[in-house]
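A short write-up of the structure that comes next.
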Amino acid sequence: MNQSRVPILSIDLPSGLHGTTGEGAEGAVRATATVTLGCAKKGFFTRNGWNCVGKLFIKDFGLPENYLKMAKPFAELSDEETLFSWLPKLVRNRHKYEAGYVVGYGGSAVFSGAPKLSGLAALRAGAGMVRLFYPAEAKEEMLNIPLELIHNEWEEKGWVQELKRARAVFVGPGLGNKPEVGKWLKRYLPTIQVPCVLDADALTADKDIWPKEVVLTPHRGEVLRILGCEKAPEEEKLLEACQNLCDETGAILVLKGGPTFVFGPKRLPVIVPHGDPGMATAGSGDVLTGIIAALLAQGLDCWKGAILGVFLHALAGEEVAKARTSRGMIASDLIEFLPAVFKKIITNQMPLD
């Protein structure tokens, strides 16, 4: 069946896939779409189960409600109608600071592109103004920057001044792991008093110095470092450890991947069952950082901003794949296609076909 090159529709779950554990994916049917009955199955989202599901549809088949209540929920699936209602409202007489002012710190001589992607993504996601601060070593590399982005070599006075006006901050894209980066994080992260997104090299920071309102955006390798794990534990234990971290610290954690999980303190994680394999490309996470920061700057709390940001990011990836295929997708494509996502939302053409 998998070699047939014709569409495959699976009913309830792809044949061969364990619905609870996600085991057996390597030899299971790889469906084009799965119409699952009653509830989505845990195994769709763990281990390699997501490789088998294809586009997921959940349909009621008359299962009595008392049986649904007996099930112990593993997570929630993002609800599109609810997420659309979270989009920041626009008012006709707003100015750029009311639209959301984002301040970012990132970049290095080697990785100068990362903060540029984050900053431009923040603008495309609705922020009214973005100012990037970068280390002195990146000065020459940061001269080639999109015209809309304000940029400054980092100095303490300017940083402190702009944080007083900022409504959200992102820290980390492209910083690198030199010793001076760790010193900067230790000195200045605790001073951030507005919602903050920590990504990439800022994820090395000890949790004791995280800002009070923080969204962490690690991929699977980075989350092991945050959790203090030398090697990856079993899937269930990894997800449990992510939840425990959020319960203990109050942080929001976005575990990037296919699919992406969003964890928050004392609540079920949310799974965003969207995206495209072409999004597995350098810089894609930097784009997500900017999108989330923009939503925080527009007034969403960290929980809503993280979930909606992941959702918009994933839909942008799907739009790129439709227009250009999944092969050869680059991070800036996601920024380019964000307006198409917003257009479909506001014209009531969502969910995407």
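Scheme for the structure tokens: letters A, B, ... for chains in order shown; per-chain residue numbers from 1; ligand numbers from 1 in order shown.
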What are the closest atom pairs, with distances in Å to one decimal, for all residues of range 226-344 of chain A lying within 10 Å of range 97-121 of chain A? Consider only C-alpha atoms, order rows by chain and residue number, and present the result as a tab-separated table.
residue	atom	partner	partner_atom	distance
A:Ala282	CA	A:Ala114	CA	8.9
A:Gly283	CA	A:Ala114	CA	6.2
A:Ser284	CA	A:Leu117	CA	8.6
A:Gly285	CA	A:Ser118	CA	8.5
A:Asp286	CA	A:Ser118	CA	5.0
A:Val287	CA	A:Ser118	CA	4.9
A:Leu288	CA	A:Ser118	CA	7.3
A:Thr289	CA	A:Ser118	CA	5.9
A:Gly290	CA	A:Ser118	CA	4.1
A:Ile291	CA	A:Ala121	CA	5.6
A:Ile292	CA	A:Ala121	CA	9.2
A:Ala293	CA	A:Val102	CA	6.8
A:Ala294	CA	A:Val102	CA	6.6
A:Leu295	CA	A:Gly100	CA	8.2
A:Leu296	CA	A:Gly100	CA	8.1
A:Ala297	CA	A:Gly100	CA	4.5
A:Gln298	CA	A:Gly100	CA	4.9
A:Gly299	CA	A:Gly100	CA	7.9
A:His313	CA	A:Ala121	CA	9.7
A:Ala331	CA	A:Leu117	CA	7.8
A:Ser332	CA	A:Leu117	CA	7.0
A:Leu334	CA	A:Ala121	CA	8.4
A:Ile335	CA	A:Ala121	CA	5.5
A:Glu336	CA	A:Ala121	CA	8.8
A:Leu338	CA	A:Ala121	CA	8.5
Those in range 140-225 of chain A with alpha helix (DSSP H) from DSSP, as an mmCIF file with C-alpha atoms, in the first residue's frame:
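What landed in part_23.cif:
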data_model
loop_
_atom_site.group_PDB
_atom_site.id
_atom_site.type_symbol
_atom_site.label_atom_id
_atom_site.label_comp_id
_atom_site.auth_asym_id
_atom_site.auth_seq_id
_atom_site.Cartn_x
_atom_site.Cartn_y
_atom_site.Cartn_z
ATOM 1 C CA GLU A 156 23.461 48.730 28.626
ATOM 2 C CA LYS A 157 21.939 52.197 28.707
ATOM 3 C CA GLY A 158 20.056 51.739 25.449
ATOM 4 C CA TRP A 159 18.919 48.243 26.410
ATOM 5 C CA VAL A 160 17.518 49.416 29.740
ATOM 6 C CA GLN A 161 15.807 52.379 28.117
ATOM 7 C CA GLU A 162 14.109 50.321 25.408
ATOM 8 C CA LEU A 163 12.956 47.631 27.828
ATOM 9 C CA LYS A 164 10.920 50.295 29.589
ATOM 10 C CA ARG A 165 8.936 50.787 26.383
ATOM 11 C CA PRO A 179 31.442 32.275 27.728
ATOM 12 C CA GLU A 180 30.444 35.930 27.430
ATOM 13 C CA VAL A 181 26.976 34.856 26.296
ATOM 14 C CA GLY A 182 26.437 33.000 29.558
ATOM 15 C CA LYS A 183 27.612 36.024 31.521
ATOM 16 C CA TRP A 184 25.203 38.299 29.667
ATOM 17 C CA LEU A 185 22.282 35.958 30.285
ATOM 18 C CA LYS A 186 23.059 35.708 33.973
ATOM 19 C CA ARG A 187 23.330 39.474 34.332
ATOM 20 C CA TYR A 188 20.397 40.688 32.228
ATOM 21 C CA ARG A 220 14.092 17.855 21.143
ATOM 22 C CA GLY A 221 17.844 18.193 21.555
ATOM 23 C CA GLU A 222 17.658 21.489 23.404
ATOM 24 C CA VAL A 223 14.972 20.312 25.798
ATOM 25 C CA LEU A 224 17.283 17.563 27.066
ATOM 26 C CA ARG A 225 19.751 20.257 28.065
#
List every residue of range 36-206 of chain A that DSSP, applied to the backbone, labels as strand (DSSP E), and write the result as number ranges by chain. A: 36-37, 55-59, 76-77, 101-105, 129-134, 150-153, 168-171, 196-198
Excluding Gln3 in chain A and any residue of its chain fewer than 4 positions from it, enumerate the residues within 12 Å of it, using only C-alpha atoms, and give them as a list in words. Pro7, Ile8, Val29, Arg30 and Ala31 of chain A
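Between CA of Glu155 in chain A and CA of Phe133 in chain A the interatomic distance comes to 8.3 Å.
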Just want the 9 Å neighbourhood of Ile226 in chain A, counted on only C-alpha atoms, with same-chain residues fewer than 2 positions away dropped. Output as a list in words. Leu203, Thr204, Ala205, Asp206, Lys207, Pro218, Glu222, Val223, Leu224, Gly228 and Cys229 of chain A
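Proximity ranking of A:Lys55, A:Lys72, A:Arg92, A:His151 relative to Ser10 in chain A places A:Lys55 first, based on only C-alpha atoms.
Close contacts of Phe337 in chain A, defined as residues with an atom at most 12 Å away when counting only C-alpha atoms, with chain neighbours fewer than 4 positions off set aside, comprise Ala121, Arg124, Ala125, Val287, Leu312, His313, Ala314, Leu315, Ala316, Gly317, Glu318, Glu319, Val320, Ala321, Lys322, Ala323, Arg324, Met329, Ile330, Ala331, Ser332, Asp333, Val341, Phe342, Lys343 and Lys344 of chain A.
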Requested write-out: C-alpha atoms of the selected residues, as a tab-separated table (two decimals), in the first residue's frame:
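Output file out.tsv follows:
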chain	number	residue	atom	x	y	z
A	121	ALA	CA	8.75	37.44	11.47
A	124	ARG	CA	4.88	40.06	9.70
A	125	ALA	CA	2.98	38.68	12.69
A	287	VAL	CA	10.72	32.55	12.70
A	312	LEU	CA	0.24	30.33	12.60
A	313	HIS	CA	3.79	29.11	12.02
A	314	ALA	CA	2.52	25.63	11.12
A	315	LEU	CA	-0.15	26.96	8.76
A	316	ALA	CA	2.44	29.11	7.01
A	317	GLY	CA	4.48	25.96	6.42
A	318	GLU	CA	1.46	24.22	4.94
A	319	GLU	CA	0.82	27.18	2.64
A	320	VAL	CA	4.43	27.16	1.42
A	321	ALA	CA	4.20	23.43	0.71
A	322	LYS	CA	1.03	23.91	-1.34
A	323	ALA	CA	2.61	26.64	-3.44
A	324	ARG	CA	6.17	25.33	-3.72
A	329	MET	CA	11.49	25.14	1.76
A	330	ILE	CA	13.54	27.80	3.56
A	331	ALA	CA	12.75	29.74	6.71
A	332	SER	CA	12.11	33.05	4.99
A	333	ASP	CA	9.36	31.35	2.96
A	341	VAL	CA	-2.54	32.65	6.40
A	342	PHE	CA	-4.01	35.83	7.88
A	343	LYS	CA	-5.97	36.45	4.69
A	344	LYS	CA	-7.56	33.03	4.84
Mind checking which residues fall within 10 Å of Pro211 in chain A, counting only C-alpha atoms, ignoring those fewer than 3 positions away in the same chain, and posting them as a PyMOL selection string? chain A and resi 188-198+207-208+214-215+251
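Distance check against Val270 in chain A using only C-alpha atoms: of A:Arg47, A:His95, A:Lys304, A:Arg327, the minimum falls on A:Lys304.
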When you count only C-alpha atoms, which of these residues is closest to Met142 in chain A: A:Lys178, A:Leu37, A:Ser78, A:Trp154? A:Trp154
From the list A:Leu216, A:Leu308, A:Ile346, A:Leu253, the nearest residue to Asp79 in chain A using only C-alpha atoms is A:Leu308
